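Note sheet for the following structure.
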Amino acid sequence: MAERNTHDGHRRRIMAKALSGDFESLEKHELVEVLLFNVLPRVNTNEIAHDLVDKFGSLHAMCNAEIKDLMSIKGVGLKTAEFLKMLPTYVKCYEFSYYRDDEVLANSEKAGEYCVKFFAGEDAEGVYALFLNINKGLIKKIKVNTGTVTAVHIDHKVILKHALETNAAFVILTHNHPSGVLMPSQNDITVTTNIAMMLSNVQTELIDHIIVSGNKYFSFRKENIKIYR
């Protein structure tokens, strides 16, 4: 097997592809190299990139790996491992920067597209709550909890606390199904009903519960699922 060495102009060639947006023509290890250029400017990153791809298989698995596992690769120190680990968070911040801080989520389609971005790259179930004013403008969004691949606990008290603090007129609940099943379970419906009833006691309306799986979403509101007894 030929030794994997960089050659003159290698970095410039790969960066030219990346800067042109031609990511589909880049191999997995070349994509990793582009990332490593930023933290290892004077190091031959070709072999390190190959080793990372060989061990983790994908960018998703690599960026969601434990710091210690990333550092098990020769040439990957703490600074590089931390850089790779924080990339999913950076990407989410980039995606949300498209929206205004007080984004109006007036319909299920707009809310669904917004909620999908919370769960990009997530392997475990998580729950977020969005608190809206009377015009359905976003006041605040919070992460309620993180669970396992198949379940997550929704803390009713946390949602109520923030609803009162923000004086929210409306709330949208959202959680994901990493399993790929988009439809709500009976437990999802029961929990949603209970939270809706709790919020109604403080004159706040739960206007939707959006379940996300991949790039798709299921909206209780759009599908006319009744969330009040």
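Chain labels follow the order of the structure tokens: the first chain is A, the next B, and so on; residue numbering restarts at 1 in every chain, and ligands are counted from 1 in their shown order.
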Give me the residues within 12 Å of Cys63 of chain A as a PyMOL selection string, counting only C-alpha atoms and dropping any in the same chain fewer than 6 places off. chain A and resi 32+35+52-53+56-57+69-70+80-91+121-123
Keeping only C-alpha atoms, take the residues you just selected and write them out as a PDB file, in the first residue's frame.
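Writing the result to result01.pdb gives the following:
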```
ATOM      1  CA  VAL A  32     -11.770  15.986   7.790  1.00  0.00           C
ATOM      2  CA  LEU A  35     -11.367  20.874   9.465  1.00  0.00           C
ATOM      3  CA  LEU A  52     -10.105   9.424  12.102  1.00  0.00           C
ATOM      4  CA  VAL A  53     -12.277   8.217   9.218  1.00  0.00           C
ATOM      5  CA  PHE A  56     -15.246   6.603  13.379  1.00  0.00           C
ATOM      6  CA  GLY A  57     -16.575   6.080   9.856  1.00  0.00           C
ATOM      7  CA  ASP A  69     -11.630   8.533  22.004  1.00  0.00           C
ATOM      8  CA  LEU A  70     -10.683  11.323  19.622  1.00  0.00           C
ATOM      9  CA  THR A  80      -7.971  19.337  18.191  1.00  0.00           C
ATOM     10  CA  ALA A  81     -10.378  16.984  19.988  1.00  0.00           C
ATOM     11  CA  GLU A  82     -12.234  19.914  21.564  1.00  0.00           C
ATOM     12  CA  PHE A  83     -12.449  21.658  18.185  1.00  0.00           C
ATOM     13  CA  LEU A  84     -14.030  18.604  16.542  1.00  0.00           C
ATOM     14  CA  LYS A  85     -16.363  18.062  19.488  1.00  0.00           C
ATOM     15  CA  MET A  86     -17.763  21.596  19.373  1.00  0.00           C
ATOM     16  CA  LEU A  87     -18.522  21.581  15.636  1.00  0.00           C
ATOM     17  CA  PRO A  88     -22.158  20.335  15.977  1.00  0.00           C
ATOM     18  CA  THR A  89     -22.884  23.186  18.403  1.00  0.00           C
ATOM     19  CA  TYR A  90     -21.303  25.695  16.034  1.00  0.00           C
ATOM     20  CA  VAL A  91     -23.363  24.369  13.104  1.00  0.00           C
ATOM     21  CA  GLY A 121     -27.076  15.254  14.571  1.00  0.00           C
ATOM     22  CA  GLU A 122     -28.717  14.204  17.844  1.00  0.00           C
ATOM     23  CA  ASP A 123     -28.581  10.502  18.780  1.00  0.00           C
TER      24      ASP A 123
END
```
Using only C-alpha atoms, which residues sit within 9 Å of segment 150-163 of chain A once same-chain residues fewer than 4 positions away are excluded, as a CSV table (one decimal) with C-alpha atoms, in the first residue's frame?
```
chain,number,residue,atom,x,y,z
A,124,ALA,CA,-30.7,10.8,21.9
A,125,GLU,CA,-34.2,12.1,22.5
A,126,GLY,CA,-34.4,15.7,23.7
A,127,VAL,CA,-37.1,18.2,24.6
A,129,ALA,CA,-40.0,24.4,24.8
A,131,PHE,CA,-42.3,30.5,24.7
A,140,LYS,CA,-37.4,32.4,24.8
A,142,ILE,CA,-35.1,26.4,26.5
A,144,VAL,CA,-36.0,21.0,29.0
A,145,ASN,CA,-34.1,17.7,29.1
A,146,THR,CA,-32.1,15.1,27.3
A,167,ASN,CA,-45.5,35.8,30.8
A,168,ALA,CA,-45.9,33.8,27.6
A,169,ALA,CA,-49.2,33.7,25.8
A,170,PHE,CA,-48.4,30.5,23.9
A,171,VAL,CA,-46.0,27.6,24.2
A,175,HIS,CA,-39.0,16.6,21.0
A,177,HIS,CA,-37.6,10.5,17.8
A,178,PRO,CA,-34.0,9.3,16.8
A,179,SER,CA,-35.6,5.9,16.1
A,191,VAL,CA,-48.0,14.0,28.3
A,194,ASN,CA,-51.3,17.1,30.8
A,195,ILE,CA,-48.9,19.9,30.0
A,198,MET,CA,-51.3,22.7,33.4
A,199,LEU,CA,-50.5,25.7,31.2
A,202,VAL,CA,-52.0,30.1,34.2
A,204,THR,CA,-51.0,30.1,28.7
```
By how many Å are atom CA of Lys55 of chain A and atom CA of Val43 of chain A apart?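 That distance, rounded to one decimal, is 19.9 Å.
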Report the distance between atom CA of Ser213 of chain A and atom CA of Gly21 of chain A in Å, rounded to one decimal place. 26.7 Å
Cut-off 10 Å: closest segment 111-190 of chain A/segment 93-103 of chain A atom pairs per residue, using only C-alpha atoms, as a Markdown table:
```
| residue | atom | partner | partner_atom | distance |
| --- | --- | --- | --- | --- |
| A:Ala111 | CA | A:Glu103 | CA | 9.7 |
| A:Tyr114 | CA | A:Phe96 | CA | 8.1 |
| A:Lys117 | CA | A:Glu95 | CA | 7.0 |
| A:Phe118 | CA | A:Phe96 | CA | 8.8 |
| A:Ala120 | CA | A:Glu95 | CA | 9.9 |
| A:Leu132 | CA | A:Asp102 | CA | 8.7 |
| A:Asn133 | CA | A:Asp102 | CA | 9.3 |
| A:Lys136 | CA | A:Glu103 | CA | 8.3 |
| A:Gly137 | CA | A:Asp102 | CA | 5.3 |
| A:Leu138 | CA | A:Asp102 | CA | 4.5 |
| A:Ile139 | CA | A:Asp102 | CA | 6.1 |
| A:Lys140 | CA | A:Asp102 | CA | 8.2 |
| A:Lys141 | CA | A:Asp101 | CA | 9.8 |
```
Give me a file of those residues, with N, CA and C atoms, as a PDB file, in the first residue's frame.
```pdb
ATOM      1  N   ALA A 111     -43.066  26.744  12.344  1.00  0.00           N
ATOM      2  CA  ALA A 111     -42.600  26.185  13.609  1.00  0.00           C
ATOM      3  C   ALA A 111     -41.890  24.855  13.394  1.00  0.00           C
ATOM      4  N   TYR A 114     -38.426  25.303  11.974  1.00  0.00           N
ATOM      5  CA  TYR A 114     -37.580  25.856  13.035  1.00  0.00           C
ATOM      6  C   TYR A 114     -37.156  24.760  14.007  1.00  0.00           C
ATOM      7  N   LYS A 117     -34.243  22.070  13.356  1.00  0.00           N
ATOM      8  CA  LYS A 117     -32.850  22.467  13.536  1.00  0.00           C
ATOM      9  C   LYS A 117     -32.321  22.160  14.937  1.00  0.00           C
ATOM     10  N   PHE A 118     -33.209  22.025  15.915  1.00  0.00           N
ATOM     11  CA  PHE A 118     -32.759  21.707  17.275  1.00  0.00           C
ATOM     12  C   PHE A 118     -32.087  20.347  17.351  1.00  0.00           C
ATOM     13  N   ALA A 120     -30.589  18.389  14.821  1.00  0.00           N
ATOM     14  CA  ALA A 120     -29.625  17.956  13.803  1.00  0.00           C
ATOM     15  C   ALA A 120     -28.449  17.247  14.465  1.00  0.00           C
ATOM     16  N   LEU A 132     -43.836  32.011  23.494  1.00  0.00           N
ATOM     17  CA  LEU A 132     -44.209  33.024  22.514  1.00  0.00           C
ATOM     18  C   LEU A 132     -45.080  34.111  23.137  1.00  0.00           C
ATOM     19  N   ASN A 133     -45.010  35.316  22.544  1.00  0.00           N
ATOM     20  CA  ASN A 133     -45.884  36.393  22.999  1.00  0.00           C
ATOM     21  C   ASN A 133     -47.236  36.314  22.287  1.00  0.00           C
ATOM     22  N   LYS A 136     -47.282  35.596  18.698  1.00  0.00           N
ATOM     23  CA  LYS A 136     -46.537  34.365  18.382  1.00  0.00           C
ATOM     24  C   LYS A 136     -45.078  34.631  18.033  1.00  0.00           C
ATOM     25  N   GLY A 137     -44.560  35.751  18.533  1.00  0.00           N
ATOM     26  CA  GLY A 137     -43.131  36.036  18.412  1.00  0.00           C
ATOM     27  C   GLY A 137     -42.375  35.316  19.527  1.00  0.00           C
ATOM     28  N   LEU A 138     -41.216  34.787  19.188  1.00  0.00           N
ATOM     29  CA  LEU A 138     -40.435  34.014  20.161  1.00  0.00           C
ATOM     30  C   LEU A 138     -39.878  34.918  21.257  1.00  0.00           C
ATOM     31  N   ILE A 139     -40.158  34.556  22.493  1.00  0.00           N
ATOM     32  CA  ILE A 139     -39.597  35.265  23.642  1.00  0.00           C
ATOM     33  C   ILE A 139     -38.342  34.541  24.135  1.00  0.00           C
ATOM     34  N   LYS A 140     -38.460  33.214  24.215  1.00  0.00           N
ATOM     35  CA  LYS A 140     -37.379  32.418  24.799  1.00  0.00           C
ATOM     36  C   LYS A 140     -37.515  30.969  24.356  1.00  0.00           C
ATOM     37  N   LYS A 141     -36.380  30.288  24.197  1.00  0.00           N
ATOM     38  CA  LYS A 141     -36.401  28.847  23.954  1.00  0.00           C
ATOM     39  C   LYS A 141     -35.485  28.189  24.975  1.00  0.00           C
TER      40      LYS A 141
END
```
Give the strand (DSSP E or B) residues of segment 103-208 of chain A, as assigned by DSSP on the backbone, as JSON, numbers by chain. {"A": [104, 126, 127, 128, 129, 130, 131, 132, 137, 138, 139, 140, 141, 142, 143, 144, 145, 146, 170, 171, 172, 173, 174, 175, 176, 205, 206, 207, 208]}
For a quick check of understanding, using only C-alpha atoms, which of A:Lys110, A:Lys74, A:Lys79, A:Lys216 has the smallest distance to Asn46 of chain A?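 Ranked by minimum distance to Asn46 of chain A, first place goes to A:Lys74.
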So how many Å separate atom CA of Met62 of chain A and atom CA of Gly112 of chain A, to one decimal? 27.9 Å
May I have all residues of segment 38-184 of chain A that DSSP, computed from the backbone, assigns to helix (DSSP H, G or I), given as a VMD selection string? chain A and resid 46 to 56 59 to 63 67 to 70 78 to 96 108 to 119 156 to 166
Shortest interatomic distance to Phe218 of chain A - which of A:Ser72, A:Ser185, A:Ser20, A:Ser58, counting only C-alpha atoms: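 Of the candidates, the smallest distance to Phe218 of chain A is held by A:Ser185.
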Got a sec: who's within 12 Å of His50 of chain A, counting only C-alpha atoms, leaving out chain neighbours fewer than 6 positions off, as a list in words?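 Near His50 of chain A, the qualifying residues are Glu3, Arg4, Asn5, Thr6, Glu27, Lys28, His29, Glu30, Leu31, Val32, Glu33, Leu36, Asn44, Phe56, Gly57, Ser58, Leu59, Met62, Ile73, Lys74 and Gly75 of chain A.
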Convert the current residue selection to file output with C-alpha atoms, as an mmCIF file, in the first residue's frame.
```cif
data_model
loop_
_atom_site.group_PDB
_atom_site.id
_atom_site.type_symbol
_atom_site.label_atom_id
_atom_site.label_comp_id
_atom_site.auth_asym_id
_atom_site.auth_seq_id
_atom_site.Cartn_x
_atom_site.Cartn_y
_atom_site.Cartn_z
ATOM 1 C CA GLU A 3 2.325 5.708 1.859
ATOM 2 C CA ARG A 4 -0.268 8.427 2.374
ATOM 3 C CA ASN A 5 1.658 11.676 1.975
ATOM 4 C CA THR A 6 0.565 15.162 1.113
ATOM 5 C CA GLU A 27 -13.621 12.285 -0.010
ATOM 6 C CA LYS A 28 -14.438 11.750 3.679
ATOM 7 C CA HIS A 29 -10.816 12.101 4.721
ATOM 8 C CA GLU A 30 -10.493 15.307 2.681
ATOM 9 C CA LEU A 31 -13.473 16.808 4.509
ATOM 10 C CA VAL A 32 -11.770 15.986 7.790
ATOM 11 C CA GLU A 33 -8.544 17.509 6.504
ATOM 12 C CA LEU A 36 -7.917 19.950 10.714
ATOM 13 C CA ASN A 44 0.668 16.878 7.714
ATOM 14 C CA PHE A 56 -15.246 6.603 13.379
ATOM 15 C CA GLY A 57 -16.575 6.080 9.856
ATOM 16 C CA SER A 58 -18.417 9.384 9.456
ATOM 17 C CA LEU A 59 -18.229 13.072 10.356
ATOM 18 C CA MET A 62 -16.412 11.628 14.792
ATOM 19 C CA ILE A 73 -5.754 8.909 17.352
ATOM 20 C CA LYS A 74 -2.076 9.717 16.896
ATOM 21 C CA GLY A 75 -1.672 13.431 16.265
#
```
